[in-house]
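For reference, data_4.tsv (TSV, N, CA and C atoms):
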```tsv
chain	number	residue	atom	x	y	z
A	482	MET	N	27.02	46.20	-19.09
A	482	MET	CA	25.58	46.29	-19.34
A	482	MET	C	24.95	44.94	-19.05
A	483	PRO	N	23.77	44.93	-18.43
A	483	PRO	CA	23.15	43.65	-18.12
A	483	PRO	C	22.70	42.93	-19.38
A	484	ARG	N	22.61	41.65	-19.26
A	484	ARG	CA	22.12	40.85	-20.38
A	484	ARG	C	20.67	41.20	-20.68
A	485	SER	N	20.35	41.20	-21.95
A	485	SER	CA	18.96	41.49	-22.29
A	485	SER	C	18.12	40.23	-22.12
A	486	ALA	N	16.92	40.43	-21.66
A	486	ALA	CA	16.02	39.30	-21.47
A	486	ALA	C	14.86	39.46	-22.43
A	487	SER	N	14.62	38.45	-23.21
A	487	SER	CA	13.53	38.53	-24.18
A	487	SER	C	12.22	38.06	-23.58
A	488	ARG	N	12.26	37.52	-22.38
A	488	ARG	CA	11.06	37.01	-21.75
A	488	ARG	C	10.51	38.04	-20.78
A	489	ILE	N	9.19	38.15	-20.75
A	489	ILE	CA	8.52	39.17	-19.95
A	489	ILE	C	7.57	38.51	-18.96
A	490	ILE	N	7.54	39.04	-17.74
A	490	ILE	CA	6.58	38.59	-16.72
A	490	ILE	C	5.64	39.76	-16.44
A	491	ALA	N	4.35	39.50	-16.48
A	491	ALA	CA	3.38	40.56	-16.21
A	491	ALA	C	2.47	40.21	-15.03
A	492	THR	N	2.26	38.93	-14.76
A	492	THR	CA	1.32	38.52	-13.72
A	492	THR	C	1.92	37.41	-12.86
A	493	GLU	N	1.24	37.11	-11.75
A	493	GLU	CA	1.65	36.01	-10.88
A	493	GLU	C	1.62	34.68	-11.65
A	494	ARG	N	0.69	34.56	-12.57
A	494	ARG	CA	0.58	33.34	-13.38
A	494	ARG	C	1.84	33.14	-14.22
A	495	ASP	N	2.31	34.24	-14.84
A	495	ASP	CA	3.55	34.17	-15.61
A	495	ASP	C	4.73	33.79	-14.71
A	496	LEU	N	4.71	34.33	-13.51
A	496	LEU	CA	5.79	34.07	-12.56
A	496	LEU	C	5.85	32.59	-12.18
A	497	LYS	N	4.70	32.00	-11.95
A	497	LYS	CA	4.66	30.58	-11.59
A	497	LYS	C	5.12	29.69	-12.75
A	498	ARG	N	4.87	30.13	-13.97
A	498	ARG	CA	5.24	29.35	-15.15
A	498	ARG	C	6.71	29.53	-15.55
A	499	ALA	N	7.37	30.55	-15.00
A	499	ALA	CA	8.76	30.82	-15.37
A	499	ALA	C	9.62	29.60	-15.06
A	500	ALA	N	10.36	29.17	-16.06
A	500	ALA	CA	11.17	27.96	-15.89
A	500	ALA	C	12.51	28.13	-16.58
A	501	THR	N	13.41	27.24	-16.27
A	501	THR	CA	14.73	27.25	-16.87
A	501	THR	C	14.94	25.97	-17.67
A	502	ASP	N	15.86	26.04	-18.60
A	502	ASP	CA	16.18	24.86	-19.40
A	502	ASP	C	17.50	24.24	-18.96
A	503	GLY	N	17.82	24.40	-17.69
A	503	GLY	CA	19.06	23.84	-17.16
A	503	GLY	C	20.06	24.90	-16.77
A	504	GLY	N	20.04	26.05	-17.44
A	504	GLY	CA	20.94	27.16	-17.13
A	504	GLY	C	20.18	28.28	-16.44
A	505	ARG	N	20.75	29.46	-16.45
A	505	ARG	CA	20.08	30.61	-15.86
A	505	ARG	C	19.31	31.37	-16.92
A	506	VAL	N	18.06	31.70	-16.63
A	506	VAL	CA	17.21	32.44	-17.56
A	506	VAL	C	16.74	33.70	-16.85
A	507	GLU	N	16.75	34.82	-17.58
A	507	GLU	CA	16.31	36.08	-17.02
A	507	GLU	C	14.98	36.49	-17.62
A	508	TYR	N	14.09	36.96	-16.75
A	508	TYR	CA	12.78	37.47	-17.17
A	508	TYR	C	12.67	38.92	-16.73
A	509	ARG	N	12.32	39.80	-17.63
A	509	ARG	CA	12.04	41.19	-17.29
A	509	ARG	C	10.62	41.28	-16.77
A	510	VAL	N	10.37	42.26	-15.92
A	510	VAL	CA	9.04	42.43	-15.34
A	510	VAL	C	8.40	43.66	-15.95
A	511	ARG	N	7.23	43.48	-16.53
A	511	ARG	CA	6.50	44.58	-17.15
A	511	ARG	C	6.05	45.56	-16.07
A	512	GLY	N	6.31	46.83	-16.30
A	512	GLY	CA	5.87	47.86	-15.37
A	512	GLY	C	6.86	48.16	-14.25
A	513	ALA	N	8.01	47.54	-14.28
A	513	ALA	CA	9.03	47.79	-13.25
A	513	ALA	C	10.39	47.89	-13.93
A	514	LYS	N	10.86	49.12	-14.06
A	514	LYS	CA	12.13	49.34	-14.74
A	514	LYS	C	13.27	48.68	-13.98
A	515	ASN	N	14.07	47.93	-14.69
A	515	ASN	CA	15.29	47.28	-14.19
A	515	ASN	C	15.04	46.12	-13.23
A	516	LEU	N	13.81	45.67	-13.05
A	516	LEU	CA	13.53	44.52	-12.20
A	516	LEU	C	13.62	43.26	-13.05
A	517	VAL	N	14.38	42.29	-12.54
A	517	VAL	CA	14.63	41.05	-13.28
A	517	VAL	C	14.37	39.86	-12.37
A	518	LEU	N	13.73	38.85	-12.90
A	518	LEU	CA	13.59	37.58	-12.20
A	518	LEU	C	14.60	36.63	-12.83
A	519	ARG	N	15.56	36.19	-12.02
A	519	ARG	CA	16.55	35.23	-12.51
A	519	ARG	C	16.15	33.85	-12.06
A	520	VAL	N	15.95	32.96	-13.03
A	520	VAL	CA	15.51	31.60	-12.75
A	520	VAL	C	16.68	30.66	-13.04
A	521	SER	N	17.01	29.87	-12.05
A	521	SER	CA	18.09	28.89	-12.21
A	521	SER	C	17.60	27.57	-11.63
A	522	PRO	N	18.34	26.50	-11.80
A	522	PRO	CA	17.91	25.22	-11.23
A	522	PRO	C	17.74	25.27	-9.71
A	523	SER	N	18.44	26.20	-9.04
A	523	SER	CA	18.32	26.29	-7.58
A	523	SER	C	17.13	27.13	-7.12
A	524	GLY	N	16.46	27.84	-8.02
A	524	GLY	CA	15.28	28.61	-7.64
A	524	GLY	C	15.15	29.91	-8.41
A	525	LYS	N	14.23	30.75	-7.93
A	525	LYS	CA	13.94	32.03	-8.57
A	525	LYS	C	14.31	33.16	-7.62
A	526	ALA	N	15.00	34.18	-8.15
A	526	ALA	CA	15.43	35.29	-7.32
A	526	ALA	C	15.18	36.61	-8.04
A	527	TRP	N	14.76	37.63	-7.26
A	527	TRP	CA	14.54	38.97	-7.79
A	527	TRP	C	15.84	39.75	-7.75
A	528	ASN	N	16.12	40.49	-8.82
A	528	ASN	CA	17.30	41.34	-8.88
A	528	ASN	C	16.93	42.68	-9.47
A	529	PHE	N	17.61	43.71	-9.00
A	529	PHE	CA	17.44	45.06	-9.54
A	529	PHE	C	18.75	45.44	-10.20
A	530	ASP	N	18.73	45.65	-11.52
A	530	ASP	CA	19.91	46.04	-12.28
A	530	ASP	C	19.90	47.56	-12.45
A	531	TYR	N	21.05	48.19	-12.18
A	531	TYR	CA	21.09	49.64	-12.28
A	531	TYR	C	22.48	50.11	-12.66
A	532	CYS	N	22.57	51.37	-13.07
A	532	CYS	CA	23.84	51.98	-13.42
A	532	CYS	C	23.80	53.43	-12.98
A	533	LEU	N	24.70	53.79	-12.08
A	533	LEU	CA	24.84	55.20	-11.69
A	533	LEU	C	25.68	55.90	-12.75
A	534	PRO	N	25.58	57.22	-12.84
A	534	PRO	CA	26.36	57.93	-13.86
A	534	PRO	C	27.86	57.61	-13.77
A	535	GLN	N	28.47	57.36	-14.90
A	535	GLN	CA	29.89	57.07	-15.05
A	535	GLN	C	30.35	55.84	-14.26
A	536	ARG	N	29.48	54.86	-14.13
A	536	ARG	CA	29.84	53.60	-13.45
A	536	ARG	C	29.36	52.44	-14.29
A	537	LYS	N	29.84	51.25	-13.94
A	537	LYS	CA	29.40	50.06	-14.66
A	537	LYS	C	28.06	49.56	-14.09
A	538	TRP	N	27.43	48.66	-14.81
A	538	TRP	CA	26.16	48.10	-14.37
A	538	TRP	C	26.37	47.24	-13.13
A	539	ARG	N	25.42	47.32	-12.23
A	539	ARG	CA	25.44	46.52	-11.00
A	539	ARG	C	24.09	45.86	-10.80
A	540	SER	N	24.07	44.88	-9.93
A	540	SER	CA	22.83	44.16	-9.64
A	540	SER	C	22.71	43.96	-8.13
A	541	ILE	N	21.50	44.16	-7.62
A	541	ILE	CA	21.22	43.97	-6.20
A	541	ILE	C	20.14	42.91	-6.08
A	542	SER	N	20.34	41.97	-5.18
A	542	SER	CA	19.32	40.95	-4.93
A	542	SER	C	18.24	41.52	-4.02
A	543	LEU	N	16.98	41.31	-4.39
A	543	LEU	CA	15.85	41.77	-3.58
A	543	LEU	C	15.19	40.63	-2.82
A	544	GLY	N	15.70	39.41	-2.99
A	544	GLY	CA	15.13	38.26	-2.29
A	544	GLY	C	14.72	37.18	-3.26
A	545	ARG	N	14.31	36.08	-2.69
A	545	ARG	CA	13.91	34.92	-3.49
A	545	ARG	C	12.39	34.82	-3.54
A	546	TRP	N	11.91	34.28	-4.65
A	546	TRP	CA	10.48	34.00	-4.78
A	546	TRP	C	10.25	32.62	-4.20
A	547	PRO	N	9.25	32.36	-3.44
A	547	PRO	CA	8.03	33.09	-3.15
A	547	PRO	C	8.08	33.95	-1.88
A	548	GLU	N	9.24	34.01	-1.17
A	548	GLU	CA	9.30	34.85	0.03
A	548	GLU	C	9.00	36.31	-0.30
A	549	VAL	N	9.48	36.77	-1.45
A	549	VAL	CA	9.18	38.11	-1.94
A	549	VAL	C	8.30	37.94	-3.16
A	550	ASP	N	7.06	38.40	-3.07
A	550	ASP	CA	6.14	38.22	-4.19
A	550	ASP	C	6.31	39.34	-5.23
A	551	LEU	N	5.59	39.22	-6.32
A	551	LEU	CA	5.71	40.16	-7.44
A	551	LEU	C	5.39	41.59	-7.01
A	552	GLU	N	4.35	41.77	-6.23
A	552	GLU	CA	3.93	43.11	-5.80
A	552	GLU	C	5.02	43.80	-4.97
A	553	HIS	N	5.60	43.07	-4.02
A	553	HIS	CA	6.64	43.66	-3.17
A	553	HIS	C	7.93	43.90	-3.96
A	554	ALA	N	8.25	43.03	-4.88
A	554	ALA	CA	9.44	43.23	-5.71
A	554	ALA	C	9.28	44.49	-6.57
A	555	LYS	N	8.09	44.71	-7.12
A	555	LYS	CA	7.84	45.91	-7.91
A	555	LYS	C	7.94	47.16	-7.05
A	556	ALA	N	7.40	47.11	-5.83
A	556	ALA	CA	7.46	48.26	-4.93
A	556	ALA	C	8.91	48.59	-4.57
A	557	ASP	N	9.70	47.57	-4.28
A	557	ASP	CA	11.12	47.78	-3.97
A	557	ASP	C	11.86	48.34	-5.17
A	558	ALA	N	11.57	47.83	-6.36
A	558	ALA	CA	12.22	48.30	-7.57
A	558	ALA	C	11.88	49.77	-7.83
A	559	LEU	N	10.65	50.18	-7.54
A	559	LEU	CA	10.26	51.57	-7.72
A	559	LEU	C	11.06	52.47	-6.79
A	560	LYS	N	11.19	52.07	-5.51
A	560	LYS	CA	11.98	52.85	-4.55
A	560	LYS	C	13.42	52.99	-5.02
A	561	LEU	N	13.99	51.90	-5.51
A	561	LEU	CA	15.38	51.93	-5.95
A	561	LEU	C	15.56	52.72	-7.24
A	562	THR	N	14.58	52.67	-8.14
A	562	THR	CA	14.63	53.46	-9.37
A	562	THR	C	14.62	54.94	-9.04
A	563	LEU	N	13.79	55.34	-8.08
A	563	LEU	CA	13.75	56.75	-7.66
A	563	LEU	C	15.07	57.16	-7.02
A	564	ALA	N	15.68	56.25	-6.27
A	564	ALA	CA	16.97	56.55	-5.66
A	564	ALA	C	18.04	56.77	-6.73
A	565	VAL	N	18.06	55.92	-7.75
A	565	VAL	CA	19.03	56.07	-8.84
A	565	VAL	C	18.79	57.39	-9.57
A	566	ARG	N	17.53	57.72	-9.80
A	566	ARG	CA	17.20	58.97	-10.47
A	566	ARG	C	17.70	60.18	-9.68
A	567	ASP	N	17.67	60.07	-8.34
A	567	ASP	CA	18.13	61.16	-7.48
A	567	ASP	C	19.65	61.13	-7.26
A	568	GLY	N	20.34	60.17	-7.90
A	568	GLY	CA	21.78	60.09	-7.79
A	568	GLY	C	22.28	59.33	-6.57
A	569	LYS	N	21.39	58.63	-5.88
A	569	LYS	CA	21.77	57.86	-4.69
A	569	LYS	C	22.11	56.43	-5.09
A	570	ASP	N	22.98	55.82	-4.31
A	570	ASP	CA	23.35	54.43	-4.55
A	570	ASP	C	22.27	53.54	-3.92
A	571	PRO	N	21.61	52.67	-4.68
A	571	PRO	CA	20.54	51.82	-4.14
A	571	PRO	C	20.99	50.91	-3.01
A	572	ARG	N	22.27	50.55	-2.99
A	572	ARG	CA	22.76	49.70	-1.89
A	572	ARG	C	22.61	50.42	-0.55
A	573	MET	N	22.86	51.72	-0.53
A	573	MET	CA	22.72	52.49	0.71
A	573	MET	C	21.25	52.60	1.12
A	574	VAL	N	20.37	52.72	0.14
A	574	VAL	CA	18.93	52.79	0.44
A	574	VAL	C	18.48	51.49	1.09
A	575	LEU	N	18.91	50.35	0.55
A	575	LEU	CA	18.53	49.05	1.13
A	575	LEU	C	19.11	48.88	2.53
A	576	GLN	N	20.31	49.37	2.77
A	576	GLN	CA	20.89	49.27	4.11
A	576	GLN	C	20.08	50.06	5.12
A	577	ARG	N	19.62	51.25	4.72
A	577	ARG	CA	18.79	52.06	5.63
A	577	ARG	C	17.46	51.37	5.92
A	578	LEU	N	16.88	50.74	4.90
A	578	LEU	CA	15.62	50.02	5.11
A	578	LEU	C	15.82	48.82	6.03
A	579	ALA	N	16.95	48.13	5.89
A	579	ALA	CA	17.22	46.95	6.71
A	579	ALA	C	17.44	47.33	8.17
A	580	ARG	N	17.98	48.51	8.43
A	580	ARG	CA	18.19	48.93	9.82
A	580	ARG	C	16.87	49.08	10.56
A	581	GLY	N	15.80	49.39	9.84
A	581	GLY	CA	14.50	49.54	10.47
A	581	GLY	C	13.83	48.21	10.76
A	582	ALA	N	14.38	47.12	10.22
A	582	ALA	CA	13.79	45.79	10.43
A	582	ALA	C	14.07	45.32	11.85
A	583	MET	N	13.26	44.39	12.32
A	583	MET	CA	13.45	43.86	13.66
A	583	MET	C	14.69	42.98	13.72
A	584	THR	N	15.39	43.05	14.85
A	584	THR	CA	16.58	42.24	15.05
A	584	THR	C	16.21	40.97	15.80
A	585	PHE	N	17.14	40.03	15.83
A	585	PHE	CA	16.90	38.79	16.57
A	585	PHE	C	16.68	39.10	18.05
A	586	ARG	N	17.46	40.03	18.59
A	586	ARG	CA	17.33	40.38	20.01
A	586	ARG	C	15.94	40.90	20.34
A	587	SER	N	15.41	41.78	19.49
A	587	SER	CA	14.08	42.34	19.77
A	587	SER	C	13.00	41.26	19.63
A	588	LEU	N	13.13	40.38	18.63
A	588	LEU	CA	12.15	39.30	18.48
A	588	LEU	C	12.23	38.32	19.65
A	589	ALA	N	13.44	38.01	20.11
A	589	ALA	CA	13.60	37.08	21.23
A	589	ALA	C	13.01	37.66	22.50
A	590	SER	N	13.19	38.94	22.73
A	590	SER	CA	12.64	39.55	23.95
A	590	SER	C	11.11	39.55	23.91
A	591	ILE	N	10.52	39.76	22.76
A	591	ILE	CA	9.06	39.70	22.63
A	591	ILE	C	8.57	38.28	22.92
A	592	TYR	N	9.26	37.29	22.37
A	592	TYR	CA	8.89	35.89	22.56
A	592	TYR	C	8.98	35.50	24.04
A	593	ILE	N	10.07	35.85	24.67
A	593	ILE	CA	10.25	35.50	26.09
A	593	ILE	C	9.21	36.19	26.96
A	594	ALA	N	8.95	37.46	26.72
A	594	ALA	CA	7.96	38.19	27.51
A	594	ALA	C	6.58	37.56	27.36
A	595	ASP	N	6.23	37.16	26.16
A	595	ASP	CA	4.93	36.53	25.91
A	595	ASP	C	4.81	35.21	26.67
A	596	HIS	N	5.84	34.39	26.63
A	596	HIS	CA	5.79	33.09	27.30
A	596	HIS	C	5.89	33.21	28.82
A	597	GLU	N	6.59	34.22	29.32
A	597	GLU	CA	6.62	34.44	30.77
A	597	GLU	C	5.22	34.77	31.28
A	598	THR	N	4.49	35.58	30.53
A	598	THR	CA	3.13	35.94	30.92
A	598	THR	C	2.24	34.71	30.95
A	599	LYS	N	2.37	33.84	29.95
A	599	LYS	CA	1.56	32.62	29.91
A	599	LYS	C	1.90	31.71	31.08
A	600	ARG	N	3.17	31.58	31.43
A	600	ARG	CA	3.59	30.73	32.55
A	600	ARG	C	3.03	31.25	33.87
A	601	LEU	N	3.06	32.56	34.05
A	601	LEU	CA	2.55	33.14	35.29
A	601	LEU	C	1.04	32.96	35.40
A	602	ARG	N	0.33	33.05	34.27
A	602	ARG	CA	-1.12	32.84	34.29
A	602	ARG	C	-1.47	31.40	34.62
A	603	GLN	N	-0.61	30.47	34.27
A	603	GLN	CA	-0.85	29.06	34.54
A	603	GLN	C	-0.50	28.68	35.98
A	604	GLY	N	-0.05	29.65	36.77
A	604	GLY	CA	0.27	29.38	38.17
A	604	GLY	C	1.70	28.96	38.40
A	605	ARG	N	2.51	28.99	37.39
A	605	ARG	CA	3.92	28.67	37.57
A	605	ARG	C	4.64	29.94	38.02
A	606	ASN	N	5.27	29.89	39.15
A	606	ASN	CA	5.87	31.12	39.66
A	606	ASN	C	7.34	31.27	39.28
A	607	THR	N	7.86	30.35	38.51
A	607	THR	CA	9.24	30.51	38.05
A	607	THR	C	9.26	31.35	36.78
A	608	VAL	N	10.22	32.21	36.71
A	608	VAL	CA	10.37	33.10	35.56
A	608	VAL	C	11.70	32.78	34.91
A	609	TRP	N	11.71	32.79	33.58
A	609	TRP	CA	12.94	32.53	32.84
A	609	TRP	C	13.92	33.67	33.04
A	610	THR	N	15.17	33.35	33.02
A	610	THR	CA	16.19	34.40	33.12
A	610	THR	C	17.07	34.40	31.90
```

Do you think you could lay out the structure here as C-alpha cells?
Amino acid sequence: MPRSASRIIATERDLKRAATDGGRVEYRVRGAKNLVLRVSPSGKAWNFDYCLPQRKWRSISLGRWPEVDLEHAKADALKLTLAVRDGKDPRMVLQRLARGAMTFRSLASIYIADHETKRLRQGRNTVWT
C-alpha cells in the first residue's frame, strides 16, 4: 500500500510552495484520485499510485514538474483511473499513448524539410542529403 500523505495540493500556488525537508515528501492532489506529487531534493515528480485486483500497489511516473503542469497531471490521472476501473493495466494505456507521440525521425524530417525550403528561397541550390 502506498504511503499516506498528509499534505494536500489544490492549486498551482500550493504546487510552487511544495518543499522538502531534506528527504522525500509526498503531496496528494485534491480532485485527482491516486495522483501524488513526490518532492525530493532533486526535484518534483508526478506519480500515479494504483492497485489492480489481487495485486500489490504500483506507481507510474507521469513526468516532472514544471514540464508537466497540474492540469495535465490531473487529466492523465483521470485517464489512468478510468483504465484501472475498467480492469486495464495503466502501464499499457501509457504505452499506447506514447506510440502516438512524434518520434525523433519524424521531427528531424520536418526540420530538414523546413530548412531545405529556406535554403532554396535564399538562392542556394544545394540540398542537404

Between A:Val549, A:Ala556, A:Leu575, A:Leu518, which residue has the minimum interatomic distance to Ile489 in chain A, considering only C-alpha atoms?
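With only C-alpha atoms as the atom set, the closest residue is A:Leu518.
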
Which residue of A:Leu551, A:Arg545, A:Pro522, A:Asp530 approaches Thr492 in chain A most closely, using all atoms listed in the file
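Once distances to Thr492 in chain A are computed over all atoms listed in the file, the minimum belongs to A:Leu551.
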
Any idea what the distance is between CA of Asp570 in chain A and atom C of Arg536 in chain A?
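Rounded to one decimal, the two atoms are 11.6 Å apart.
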
Report as an mmCIF file with N, CA and C atoms, keeping the file's coordinate frame: the residues of range 482-571 of chain A with a DSSP assignment of alpha helix (DSSP H), based on the backbone of this structure.
```
data_model
loop_
_atom_site.group_PDB
_atom_site.id
_atom_site.type_symbol
_atom_site.label_atom_id
_atom_site.label_comp_id
_atom_site.auth_asym_id
_atom_site.auth_seq_id
_atom_site.Cartn_x
_atom_site.Cartn_y
_atom_site.Cartn_z
ATOM 1 N N GLU A 493 1.240 37.110 -11.750
ATOM 2 C CA GLU A 493 1.650 36.010 -10.880
ATOM 3 C C GLU A 493 1.620 34.680 -11.650
ATOM 4 N N ARG A 494 0.690 34.560 -12.570
ATOM 5 C CA ARG A 494 0.580 33.340 -13.380
ATOM 6 C C ARG A 494 1.840 33.140 -14.220
ATOM 7 N N ASP A 495 2.310 34.240 -14.840
ATOM 8 C CA ASP A 495 3.550 34.170 -15.610
ATOM 9 C C ASP A 495 4.730 33.790 -14.710
ATOM 10 N N LEU A 496 4.710 34.330 -13.510
ATOM 11 C CA LEU A 496 5.790 34.070 -12.560
ATOM 12 C C LEU A 496 5.850 32.590 -12.180
ATOM 13 N N LYS A 497 4.700 32.000 -11.950
ATOM 14 C CA LYS A 497 4.660 30.580 -11.590
ATOM 15 C C LYS A 497 5.120 29.690 -12.750
ATOM 16 N N ARG A 498 4.870 30.130 -13.970
ATOM 17 C CA ARG A 498 5.240 29.350 -15.150
ATOM 18 C C ARG A 498 6.710 29.530 -15.550
ATOM 19 N N LEU A 551 5.590 39.220 -6.320
ATOM 20 C CA LEU A 551 5.710 40.160 -7.440
ATOM 21 C C LEU A 551 5.390 41.590 -7.010
ATOM 22 N N GLU A 552 4.350 41.770 -6.230
ATOM 23 C CA GLU A 552 3.930 43.110 -5.800
ATOM 24 C C GLU A 552 5.020 43.800 -4.970
ATOM 25 N N HIS A 553 5.600 43.070 -4.020
ATOM 26 C CA HIS A 553 6.640 43.660 -3.170
ATOM 27 C C HIS A 553 7.930 43.900 -3.960
ATOM 28 N N ALA A 554 8.250 43.030 -4.880
ATOM 29 C CA ALA A 554 9.440 43.230 -5.710
ATOM 30 C C ALA A 554 9.280 44.490 -6.570
ATOM 31 N N LYS A 555 8.090 44.710 -7.120
ATOM 32 C CA LYS A 555 7.840 45.910 -7.910
ATOM 33 C C LYS A 555 7.940 47.160 -7.050
ATOM 34 N N ALA A 556 7.400 47.110 -5.830
ATOM 35 C CA ALA A 556 7.460 48.260 -4.930
ATOM 36 C C ALA A 556 8.910 48.590 -4.570
ATOM 37 N N ASP A 557 9.700 47.570 -4.280
ATOM 38 C CA ASP A 557 11.120 47.780 -3.970
ATOM 39 C C ASP A 557 11.860 48.340 -5.170
ATOM 40 N N ALA A 558 11.570 47.830 -6.360
ATOM 41 C CA ALA A 558 12.220 48.300 -7.570
ATOM 42 C C ALA A 558 11.880 49.770 -7.830
ATOM 43 N N LEU A 559 10.650 50.180 -7.540
ATOM 44 C CA LEU A 559 10.260 51.570 -7.720
ATOM 45 C C LEU A 559 11.060 52.470 -6.790
ATOM 46 N N LYS A 560 11.190 52.070 -5.510
ATOM 47 C CA LYS A 560 11.980 52.850 -4.550
ATOM 48 C C LYS A 560 13.420 52.990 -5.020
ATOM 49 N N LEU A 561 13.990 51.900 -5.510
ATOM 50 C CA LEU A 561 15.380 51.930 -5.950
ATOM 51 C C LEU A 561 15.560 52.720 -7.240
ATOM 52 N N THR A 562 14.580 52.670 -8.140
ATOM 53 C CA THR A 562 14.630 53.460 -9.370
ATOM 54 C C THR A 562 14.620 54.940 -9.040
ATOM 55 N N LEU A 563 13.790 55.340 -8.080
ATOM 56 C CA LEU A 563 13.750 56.750 -7.660
ATOM 57 C C LEU A 563 15.070 57.160 -7.020
ATOM 58 N N ALA A 564 15.680 56.250 -6.270
ATOM 59 C CA ALA A 564 16.970 56.550 -5.660
ATOM 60 C C ALA A 564 18.040 56.770 -6.730
ATOM 61 N N VAL A 565 18.060 55.920 -7.750
ATOM 62 C CA VAL A 565 19.030 56.070 -8.840
ATOM 63 C C VAL A 565 18.790 57.390 -9.570
ATOM 64 N N ARG A 566 17.530 57.720 -9.800
ATOM 65 C CA ARG A 566 17.200 58.970 -10.470
ATOM 66 C C ARG A 566 17.700 60.180 -9.680
ATOM 67 N N PRO A 571 21.610 52.670 -4.680
ATOM 68 C CA PRO A 571 20.540 51.820 -4.140
ATOM 69 C C PRO A 571 20.990 50.910 -3.010
#
```

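Separating atom N of Gly568 in chain A from CA of Thr584 in chain A is a distance of 29.4 Å.
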
Contacts of range 493-500 of chain A at 6.5 Å (all atoms listed in the file; same-chain gap of 3+ positions) as a PyMOL selection string:
chain A and resi 490+506+520

Tell me, which residues of range 490-598 of chain A carry DSSP strand (DSSP E), written as a tab-separated table (two decimals) with N, CA and C atoms, keeping the file's coordinate frame?
```tsv
chain	number	residue	atom	x	y	z
A	490	ILE	N	7.54	39.04	-17.74
A	490	ILE	CA	6.58	38.59	-16.72
A	490	ILE	C	5.64	39.76	-16.44
A	506	VAL	N	18.06	31.70	-16.63
A	506	VAL	CA	17.21	32.44	-17.56
A	506	VAL	C	16.74	33.70	-16.85
A	507	GLU	N	16.75	34.82	-17.58
A	507	GLU	CA	16.31	36.08	-17.02
A	507	GLU	C	14.98	36.49	-17.62
A	508	TYR	N	14.09	36.96	-16.75
A	508	TYR	CA	12.78	37.47	-17.17
A	508	TYR	C	12.67	38.92	-16.73
A	509	ARG	N	12.32	39.80	-17.63
A	509	ARG	CA	12.04	41.19	-17.29
A	509	ARG	C	10.62	41.28	-16.77
A	510	VAL	N	10.37	42.26	-15.92
A	510	VAL	CA	9.04	42.43	-15.34
A	510	VAL	C	8.40	43.66	-15.95
A	516	LEU	N	13.81	45.67	-13.05
A	516	LEU	CA	13.53	44.52	-12.20
A	516	LEU	C	13.62	43.26	-13.05
A	517	VAL	N	14.38	42.29	-12.54
A	517	VAL	CA	14.63	41.05	-13.28
A	517	VAL	C	14.37	39.86	-12.37
A	518	LEU	N	13.73	38.85	-12.90
A	518	LEU	CA	13.59	37.58	-12.20
A	518	LEU	C	14.60	36.63	-12.83
A	519	ARG	N	15.56	36.19	-12.02
A	519	ARG	CA	16.55	35.23	-12.51
A	519	ARG	C	16.15	33.85	-12.06
A	520	VAL	N	15.95	32.96	-13.03
A	520	VAL	CA	15.51	31.60	-12.75
A	520	VAL	C	16.68	30.66	-13.04
A	521	SER	N	17.01	29.87	-12.05
A	521	SER	CA	18.09	28.89	-12.21
A	521	SER	C	17.60	27.57	-11.63
A	524	GLY	N	16.46	27.84	-8.02
A	524	GLY	CA	15.28	28.61	-7.64
A	524	GLY	C	15.15	29.91	-8.41
A	525	LYS	N	14.23	30.75	-7.93
A	525	LYS	CA	13.94	32.03	-8.57
A	525	LYS	C	14.31	33.16	-7.62
A	526	ALA	N	15.00	34.18	-8.15
A	526	ALA	CA	15.43	35.29	-7.32
A	526	ALA	C	15.18	36.61	-8.04
A	527	TRP	N	14.76	37.63	-7.26
A	527	TRP	CA	14.54	38.97	-7.79
A	527	TRP	C	15.84	39.75	-7.75
A	528	ASN	N	16.12	40.49	-8.82
A	528	ASN	CA	17.30	41.34	-8.88
A	528	ASN	C	16.93	42.68	-9.47
A	529	PHE	N	17.61	43.71	-9.00
A	529	PHE	CA	17.44	45.06	-9.54
A	529	PHE	C	18.75	45.44	-10.20
A	530	ASP	N	18.73	45.65	-11.52
A	530	ASP	CA	19.91	46.04	-12.28
A	530	ASP	C	19.90	47.56	-12.45
A	531	TYR	N	21.05	48.19	-12.18
A	531	TYR	CA	21.09	49.64	-12.28
A	531	TYR	C	22.48	50.11	-12.66
A	539	ARG	N	25.42	47.32	-12.23
A	539	ARG	CA	25.44	46.52	-11.00
A	539	ARG	C	24.09	45.86	-10.80
A	540	SER	N	24.07	44.88	-9.93
A	540	SER	CA	22.83	44.16	-9.64
A	540	SER	C	22.71	43.96	-8.13
A	541	ILE	N	21.50	44.16	-7.62
A	541	ILE	CA	21.22	43.97	-6.20
A	541	ILE	C	20.14	42.91	-6.08
A	542	SER	N	20.34	41.97	-5.18
A	542	SER	CA	19.32	40.95	-4.93
A	542	SER	C	18.24	41.52	-4.02
A	543	LEU	N	16.98	41.31	-4.39
A	543	LEU	CA	15.85	41.77	-3.58
A	543	LEU	C	15.19	40.63	-2.82
A	544	GLY	N	15.70	39.41	-2.99
A	544	GLY	CA	15.13	38.26	-2.29
A	544	GLY	C	14.72	37.18	-3.26
A	545	ARG	N	14.31	36.08	-2.69
A	545	ARG	CA	13.91	34.92	-3.49
A	545	ARG	C	12.39	34.82	-3.54
A	546	TRP	N	11.91	34.28	-4.65
A	546	TRP	CA	10.48	34.00	-4.78
A	546	TRP	C	10.25	32.62	-4.20
```

State, in Å with one decimal place, the distance from CA of Trp546 in chain A to CA of Ala526 in chain A.
5.7 Å

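Minimum distance to Asp502 in chain A across A:Cys532, A:Leu516, A:Lys569, A:Ser521 (counting all atoms listed in the file) occurs at A:Ser521.
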
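Closest approach to Ala554 in chain A from the set A:Ser587, A:Ser523, A:Asn528, A:Ser540 is made by A:Asn528, with distances taken over all atoms listed in the file.
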